[in-house]
>>> print(open('model-v2.pdb').read())   # PDB, C-alpha atoms
ATOM      1  CA  MET C   4      -4.312  24.721  93.287
ATOM      2  CA  ASN C   5      -3.369  24.380  89.636
ATOM      3  CA  LEU C   6      -6.608  24.409  87.557
ATOM      4  CA  ARG C   7      -5.054  24.833  84.168
ATOM      5  CA  PRO C   8      -5.381  21.834  81.875
ATOM      6  CA  ARG C   9      -2.153  20.084  81.203
ATOM      7  CA  HIS C  10      -0.904  20.200  77.657
ATOM      8  CA  ARG C  11      -0.114  16.668  76.713
ATOM      9  CA  GLU C  12       1.960  15.878  73.689
ATOM     10  CA  ASP C  13       0.285  13.493  71.215
ATOM     11  CA  PRO C  14       2.135  10.233  70.842
ATOM     12  CA  GLU C  15       3.568   9.591  67.386
ATOM     13  CA  ILE C  16       5.072   6.578  65.729
ATOM     14  CA  ASN C  17       8.558   6.957  64.369
ATOM     15  CA  LEU C  18       8.282   5.663  60.814
ATOM     16  CA  ILE C  19      11.892   6.199  59.823
ATOM     17  CA  SER C  20      13.183   3.197  61.739
ATOM     18  CA  MET C  21      10.327   1.039  60.392
ATOM     19  CA  ILE C  22      11.251   2.036  56.836
ATOM     20  CA  ASP C  23      14.870   1.081  57.500
ATOM     21  CA  VAL C  24      13.833  -2.346  58.796
ATOM     22  CA  MET C  25      11.545  -2.933  55.795
ATOM     23  CA  LEU C  26      14.349  -2.003  53.400
ATOM     24  CA  VAL C  27      16.708  -4.488  55.073
ATOM     25  CA  LEU C  28      14.044  -7.212  54.866
ATOM     26  CA  LEU C  29      13.405  -6.443  51.196
ATOM     27  CA  ILE C  30      17.112  -6.699  50.367
ATOM     28  CA  PHE C  31      17.374  -9.947  52.347
ATOM     29  CA  PHE C  32      14.483 -11.569  50.483
ATOM     30  CA  MET C  33      15.750 -10.370  47.104
ATOM     31  CA  VAL C  34      19.196 -11.847  47.713
ATOM     32  CA  SER C  35      17.961 -15.128  49.181
ATOM     33  CA  THR C  36      15.306 -15.845  46.508
ATOM     34  CA  THR C  37      16.133 -18.230  43.680
ATOM     35  CA  PHE C  38      14.949 -17.069  40.281
ATOM     36  CA  ASN C  39      13.811 -19.292  37.421
ATOM     37  CA  GLN C  40      16.458 -19.804  34.812
ATOM     38  CA  GLU C  41      14.582 -18.337  31.838
ATOM     39  CA  GLY C  42      17.745 -18.259  29.739
ATOM     40  CA  ARG C  43      17.913 -22.051  29.580
ATOM     41  CA  VAL C  44      14.957 -22.414  27.219
ATOM     42  CA  LYS C  45      16.115 -24.254  24.112
ATOM     43  CA  VAL C  46      15.259 -22.383  20.915
ATOM     44  CA  GLN C  47      15.698 -24.019  17.512
ATOM     45  CA  LEU C  48      16.419 -21.352  14.928
ATOM     46  CA  PRO C  49      16.273 -22.097  11.192
ATOM     47  CA  GLN C  50      19.563 -22.621   9.423
ATOM     48  CA  ALA C  51      20.492 -20.634   6.326
ATOM     49  CA  SER C  52      21.674 -22.519   3.286
ATOM     50  CA  GLN C  53      24.375 -21.486   0.842
ATOM     51  CA  ILE C  54      22.173 -22.353  -2.146
ATOM     52  CA  PRO C  55      19.921 -19.469  -3.231
ATOM     53  CA  VAL C  56      16.211 -20.188  -3.459
ATOM     54  CA  PRO C  57      15.077 -20.270  -7.101
ATOM     55  CA  ARG C  58      12.302 -17.821  -7.886
ATOM     56  CA  GLY C  59      10.095 -18.007 -10.905
ATOM     57  CA  PRO C  60       9.261 -15.035 -13.089
ATOM     58  CA  ARG C  61       7.005 -12.609 -11.293
ATOM     59  CA  GLU C  62       3.950 -11.327 -13.053
ATOM     60  CA  PRO C  63       2.831  -7.803 -12.206
ATOM     61  CA  LEU C  64      -0.370  -7.397 -10.237
ATOM     62  CA  VAL C  65      -2.301  -4.274 -11.188
ATOM     63  CA  ILE C  66      -5.029  -3.138  -8.781
ATOM     64  CA  THR C  67      -7.193  -0.213  -9.867
ATOM     65  CA  VAL C  68      -9.715   1.637  -7.713
ATOM     66  CA  THR C  69     -12.251   3.511  -9.818
ATOM     67  CA  ALA C  70     -13.918   6.801  -8.901
ATOM     68  CA  GLU C  71     -17.099   4.891  -8.037
ATOM     69  CA  GLY C  72     -15.199   2.791  -5.500
ATOM     70  CA  SER C  73     -15.124  -0.499  -7.406
ATOM     71  CA  TYR C  74     -11.966  -2.548  -7.842
ATOM     72  CA  ARG C  75     -10.283  -3.946 -10.923
ATOM     73  CA  VAL C  76      -7.566  -6.593 -10.702
ATOM     74  CA  ASN C  77      -5.481  -6.809 -13.874
ATOM     75  CA  GLU C  78      -8.174  -4.860 -15.766
ATOM     76  CA  ARG C  79     -10.902  -7.333 -14.745
ATOM     77  CA  THR C  80     -13.762  -5.642 -12.884
ATOM     78  CA  LEU C  81     -14.782  -7.409  -9.683
ATOM     79  CA  ILE C  82     -18.388  -8.315  -8.940
ATOM     80  CA  ASN C  83     -18.601  -6.119  -5.837
ATOM     81  CA  ALA C  84     -16.307  -4.041  -3.624
ATOM     82  CA  SER C  85     -16.332  -6.306  -0.570
ATOM     83  CA  PRO C  86     -12.993  -7.180   1.037
ATOM     84  CA  ASP C  87     -13.659 -10.919   0.603
ATOM     85  CA  THR C  88     -14.084 -10.566  -3.164
ATOM     86  CA  LEU C  89     -10.876  -8.542  -3.424
ATOM     87  CA  ARG C  90      -9.014 -11.068  -1.281
ATOM     88  CA  THR C  91     -10.251 -13.931  -3.481
ATOM     89  CA  ALA C  92      -9.172 -12.093  -6.636
ATOM     90  CA  LEU C  93      -5.696 -11.524  -5.190
ATOM     91  CA  VAL C  94      -5.232 -15.207  -4.357
ATOM     92  CA  ARG C  95      -6.021 -16.342  -7.906
ATOM     93  CA  LYS C  96      -3.292 -16.306 -10.502
ATOM     94  CA  PRO C  97      -3.414 -12.943 -12.282
ATOM     95  CA  VAL C  98      -3.812 -12.744 -16.045
ATOM     96  CA  PRO C  99      -0.791 -10.922 -17.524
ATOM     97  CA  THR C 100      -1.944  -7.899 -19.469
ATOM     98  CA  GLU C 101      -0.401  -4.782 -20.888
ATOM     99  CA  VAL C 102      -1.885  -1.485 -19.797
ATOM    100  CA  PRO C 103      -2.331   0.543 -23.004
ATOM    101  CA  SER C 104      -2.957   3.916 -21.413
ATOM    102  CA  ARG C 105      -0.240   6.362 -20.504
ATOM    103  CA  PHE C 106      -2.282   7.016 -17.342
ATOM    104  CA  ALA C 107      -1.763   3.430 -16.266
ATOM    105  CA  PRO C 108      -2.100   2.607 -12.585
ATOM    106  CA  MET C 109       1.028   1.925 -10.594
ATOM    107  CA  ARG C 110       2.348  -1.602 -11.089
ATOM    108  CA  VAL C 111       2.835  -3.483  -7.842
ATOM    109  CA  PRO C 112       4.946  -6.670  -7.796
ATOM    110  CA  ARG C 113       2.893  -9.641  -6.649
ATOM    111  CA  THR C 114       3.615 -10.766  -3.117
ATOM    112  CA  LYS C 115       1.859 -13.168  -0.814
ATOM    113  CA  PRO C 116      -1.757 -12.157  -0.133
ATOM    114  CA  TRP C 117      -2.428 -10.797   3.307
TER     115      TRP C 117
END
>>> encode(input="model-v2.pdb", output="structure tokens")
Amino acid sequence: MNLRPRHREDPEINLISMIDVMLVLLIFFMVSTTFNQEGRVKVQLPQASQIPVPRGPREPLVITVTAEGSYRVNERTLINASPDTLRTALVRKPVPTEVPSRFAPMRVPRTKPW
């Protein structure tokens, strides 16, 4: 009589063939799917003109930050150092002044306020 336990091999699932089938299905669905035509969106771009845009004379805008942390715009001291006060001072038309000191702050050409 054979009393030894039989050694049974554990069943396993072959995943390689399943991966092959999934790859074929993925390729099939990618080829058969219709994509939205995103390139057909109509975009209206601005047109350039041959006539140059006239620009008026630019006045320099001088912003000074003192050692105490206060701001001066064109040698006019602001009320406080809040960003709103500085923004308001930049929007107003600056008063043209000459800086008499040789240690004058850097002159920055006036651009649109940010």
>>> closest_residue(input="model-v2.pdb", among="C:Ser20, C:Ser73, C:Thr37, C:Ser52", to="Pro86 of chain C", atoms="all atoms listed in the file")
C:Ser73
>>> resolve_selection(input="model-v2.pdb", expression="the PyMOL selection byres ((chain C and resi 67) around 8)", output="ChimeraX atom specification")
/C:65-66,68-69,74-78,108
>>> write_last_selection(input="model-v2.pdb", atoms="C-alpha atoms", output="PDB file, in the coordinates of the input")
ATOM      1  CA  VAL C  65      -2.301  -4.274 -11.188  1.00  0.00           C
ATOM      2  CA  ILE C  66      -5.029  -3.138  -8.781  1.00  0.00           C
ATOM      3  CA  VAL C  68      -9.715   1.637  -7.713  1.00  0.00           C
ATOM      4  CA  THR C  69     -12.251   3.511  -9.818  1.00  0.00           C
ATOM      5  CA  TYR C  74     -11.966  -2.548  -7.842  1.00  0.00           C
ATOM      6  CA  ARG C  75     -10.283  -3.946 -10.923  1.00  0.00           C
ATOM      7  CA  VAL C  76      -7.566  -6.593 -10.702  1.00  0.00           C
ATOM      8  CA  ASN C  77      -5.481  -6.809 -13.874  1.00  0.00           C
ATOM      9  CA  GLU C  78      -8.174  -4.860 -15.766  1.00  0.00           C
ATOM     10  CA  PRO C 108      -2.100   2.607 -12.585  1.00  0.00           C
TER      11      PRO C 108
END
>>> atom_distance(input="model-v2.pdb", atom1="atom CA of Arg90 of chain C", atom2="atom CA of Pro60 of chain C")
22.1 Å
>>> atom_distance(input="model-v2.pdb", atom1="atom CA of Asp87 of chain C", atom2="atom CA of Gly72 of chain C")
15.1 Å
>>> atom_distance(input="model-v2.pdb", atom1="atom CA of Ala92 of chain C", atom2="atom CA of Pro63 of chain C")
13.9 Å
>>> decode(input="model-v2.pdb", residues="segment 25-56 of chain C", atoms="N, CA, C and O atoms", output="JSON list (two decimals), in the first residue's frame")
[["chain", "number", "residue", "atom", "x", "y", "z"],
["C", 25, "MET", "N", -5.24, 41.11, -24.65],
["C", 25, "MET", "CA", -5.57, 42.47, -24.23],
["C", 25, "MET", "C", -4.88, 43.50, -25.12],
["C", 25, "MET", "O", -5.44, 44.54, -25.44],
["C", 26, "LEU", "N", -3.65, 43.22, -25.53],
["C", 26, "LEU", "CA", -2.94, 44.12, -26.42],
["C", 26, "LEU", "C", -3.63, 44.21, -27.78],
["C", 26, "LEU", "O", -3.78, 45.30, -28.35],
["C", 27, "VAL", "N", -4.09, 43.09, -28.30],
["C", 27, "VAL", "CA", -4.80, 43.09, -29.58],
["C", 27, "VAL", "C", -6.10, 43.88, -29.46],
["C", 27, "VAL", "O", -6.47, 44.67, -30.35],
["C", 28, "LEU", "N", -6.83, 43.70, -28.34],
["C", 28, "LEU", "CA", -8.07, 44.45, -28.14],
["C", 28, "LEU", "C", -7.80, 45.95, -28.02],
["C", 28, "LEU", "O", -8.55, 46.77, -28.56],
["C", 29, "LEU", "N", -6.74, 46.32, -27.32],
["C", 29, "LEU", "CA", -6.39, 47.72, -27.17],
["C", 29, "LEU", "C", -6.08, 48.35, -28.53],
["C", 29, "LEU", "O", -6.58, 49.44, -28.85],
["C", 30, "ILE", "N", -5.31, 47.67, -29.34],
["C", 30, "ILE", "CA", -4.99, 48.19, -30.68],
["C", 30, "ILE", "C", -6.25, 48.30, -31.53],
["C", 30, "ILE", "O", -6.45, 49.27, -32.25],
["C", 31, "PHE", "N", -7.13, 47.31, -31.44],
["C", 31, "PHE", "CA", -8.38, 47.34, -32.20],
["C", 31, "PHE", "C", -9.22, 48.55, -31.81],
["C", 31, "PHE", "O", -9.74, 49.27, -32.67],
["C", 32, "PHE", "N", -9.39, 48.79, -30.52],
["C", 32, "PHE", "CA", -10.21, 49.93, -30.09],
["C", 32, "PHE", "C", -9.55, 51.26, -30.42],
["C", 32, "PHE", "O", -10.25, 52.24, -30.73],
["C", 33, "MET", "N", -8.24, 51.34, -30.37],
["C", 33, "MET", "CA", -7.56, 52.59, -30.73],
["C", 33, "MET", "C", -7.73, 52.90, -32.21],
["C", 33, "MET", "O", -7.92, 54.05, -32.59],
["C", 34, "VAL", "N", -7.68, 51.90, -33.05],
["C", 34, "VAL", "CA", -7.80, 52.12, -34.49],
["C", 34, "VAL", "C", -9.24, 52.42, -34.87],
["C", 34, "VAL", "O", -9.52, 53.25, -35.74],
["C", 35, "SER", "N", -10.20, 51.77, -34.23],
["C", 35, "SER", "CA", -11.59, 51.92, -34.62],
["C", 35, "SER", "C", -12.29, 53.13, -33.99],
["C", 35, "SER", "O", -13.40, 53.47, -34.37],
["C", 36, "THR", "N", -11.66, 53.81, -33.04],
["C", 36, "THR", "CA", -12.28, 54.95, -32.37],
["C", 36, "THR", "C", -12.12, 56.20, -33.23],
["C", 36, "THR", "O", -11.08, 56.43, -33.83],
["C", 37, "THR", "N", -13.18, 57.01, -33.28],
["C", 37, "THR", "CA", -13.09, 58.29, -33.97],
["C", 37, "THR", "C", -12.76, 59.36, -32.95],
["C", 37, "THR", "O", -13.37, 59.43, -31.88],
["C", 38, "PHE", "N", -11.79, 60.19, -33.26],
["C", 38, "PHE", "CA", -11.36, 61.24, -32.36],
["C", 38, "PHE", "C", -12.02, 62.55, -32.76],
["C", 38, "PHE", "O", -12.35, 62.77, -33.91],
["C", 39, "ASN", "N", -12.20, 63.44, -31.79],
["C", 39, "ASN", "CA", -12.74, 64.77, -32.08],
["C", 39, "ASN", "C", -11.72, 65.55, -32.90],
["C", 39, "ASN", "O", -10.52, 65.47, -32.66],
["C", 40, "GLN", "N", -12.21, 66.31, -33.81],
["C", 40, "GLN", "CA", -11.34, 67.11, -34.66],
["C", 40, "GLN", "C", -11.06, 68.43, -33.95],
["C", 40, "GLN", "O", -11.74, 69.43, -34.16],
["C", 41, "GLU", "N", -10.08, 68.44, -33.06],
["C", 41, "GLU", "CA", -9.74, 69.63, -32.30],
["C", 41, "GLU", "C", -9.10, 70.70, -33.18],
["C", 41, "GLU", "O", -9.14, 71.87, -32.87],
["C", 42, "GLY", "N", -8.50, 70.30, -34.27],
["C", 42, "GLY", "CA", -7.82, 71.25, -35.15],
["C", 42, "GLY", "C", -8.76, 72.10, -35.96],
["C", 42, "GLY", "O", -8.33, 73.03, -36.61],
["C", 43, "ARG", "N", -10.04, 71.84, -35.93],
["C", 43, "ARG", "CA", -10.99, 72.60, -36.73],
["C", 43, "ARG", "C", -11.62, 73.76, -35.97],
["C", 43, "ARG", "O", -12.58, 74.34, -36.43],
["C", 44, "VAL", "N", -11.09, 74.11, -34.82],
["C", 44, "VAL", "CA", -11.58, 75.25, -34.07],
["C", 44, "VAL", "C", -11.12, 76.52, -34.78],
["C", 44, "VAL", "O", -9.93, 76.67, -35.08],
["C", 45, "LYS", "N", -12.05, 77.42, -35.04],
["C", 45, "LYS", "CA", -11.71, 78.64, -35.77],
["C", 45, "LYS", "C", -11.17, 79.67, -34.79],
["C", 45, "LYS", "O", -11.81, 80.01, -33.81],
["C", 46, "VAL", "N", -9.97, 80.15, -35.05],
["C", 46, "VAL", "CA", -9.32, 81.14, -34.19],
["C", 46, "VAL", "C", -9.13, 82.41, -35.01],
["C", 46, "VAL", "O", -8.61, 82.37, -36.11],
["C", 47, "GLN", "N", -9.59, 83.54, -34.45],
["C", 47, "GLN", "CA", -9.43, 84.82, -35.14],
["C", 47, "GLN", "C", -8.25, 85.55, -34.49],
["C", 47, "GLN", "O", -8.35, 86.02, -33.37],
["C", 48, "LEU", "N", -7.17, 85.64, -35.22],
["C", 48, "LEU", "CA", -5.97, 86.32, -34.73],
["C", 48, "LEU", "C", -6.01, 87.78, -35.16],
["C", 48, "LEU", "O", -6.57, 88.11, -36.21],
["C", 49, "PRO", "N", -5.43, 88.67, -34.39],
["C", 49, "PRO", "CA", -5.41, 90.09, -34.79],
["C", 49, "PRO", "C", -4.49, 90.29, -35.99],
["C", 49, "PRO", "O", -3.51, 89.59, -36.16],
["C", 50, "GLN", "N", -4.85, 91.26, -36.79],
["C", 50, "GLN", "CA", -4.07, 91.57, -37.99],
["C", 50, "GLN", "C", -3.14, 92.74, -37.71],
["C", 50, "GLN", "O", -3.52, 93.71, -37.05],
["C", 51, "ALA", "N", -1.93, 92.66, -38.19],
["C", 51, "ALA", "CA", -0.96, 93.74, -38.03],
["C", 51, "ALA", "C", -1.19, 94.77, -39.12],
["C", 51, "ALA", "O", -1.53, 94.45, -40.24],
["C", 52, "SER", "N", -1.00, 96.03, -38.76],
["C", 52, "SER", "CA", -1.14, 97.08, -39.76],
["C", 52, "SER", "C", 0.23, 97.59, -40.15],
["C", 52, "SER", "O", 1.20, 97.46, -39.41],
["C", 53, "GLN", "N", 0.30, 98.22, -41.32],
["C", 53, "GLN", "CA", 1.56, 98.76, -41.81],
["C", 53, "GLN", "C", 1.86, 100.12, -41.20],
["C", 53, "GLN", "O", 2.98, 100.59, -41.24],
["C", 54, "ILE", "N", 0.85, 100.75, -40.61],
["C", 54, "ILE", "CA", 1.02, 102.08, -40.03],
["C", 54, "ILE", "C", 1.50, 101.93, -38.59],
["C", 54, "ILE", "O", 0.86, 101.23, -37.79],
["C", 55, "PRO", "N", 2.61, 102.55, -38.22],
["C", 55, "PRO", "CA", 3.07, 102.42, -36.83],
["C", 55, "PRO", "C", 2.14, 103.15, -35.88],
["C", 55, "PRO", "O", 1.54, 104.17, -36.22],
["C", 56, "VAL", "N", 2.03, 102.66, -34.68],
["C", 56, "VAL", "CA", 1.18, 103.26, -33.66],
["C", 56, "VAL", "C", 1.90, 104.47, -33.09],
["C", 56, "VAL", "O", 3.04, 104.36, -32.62]]
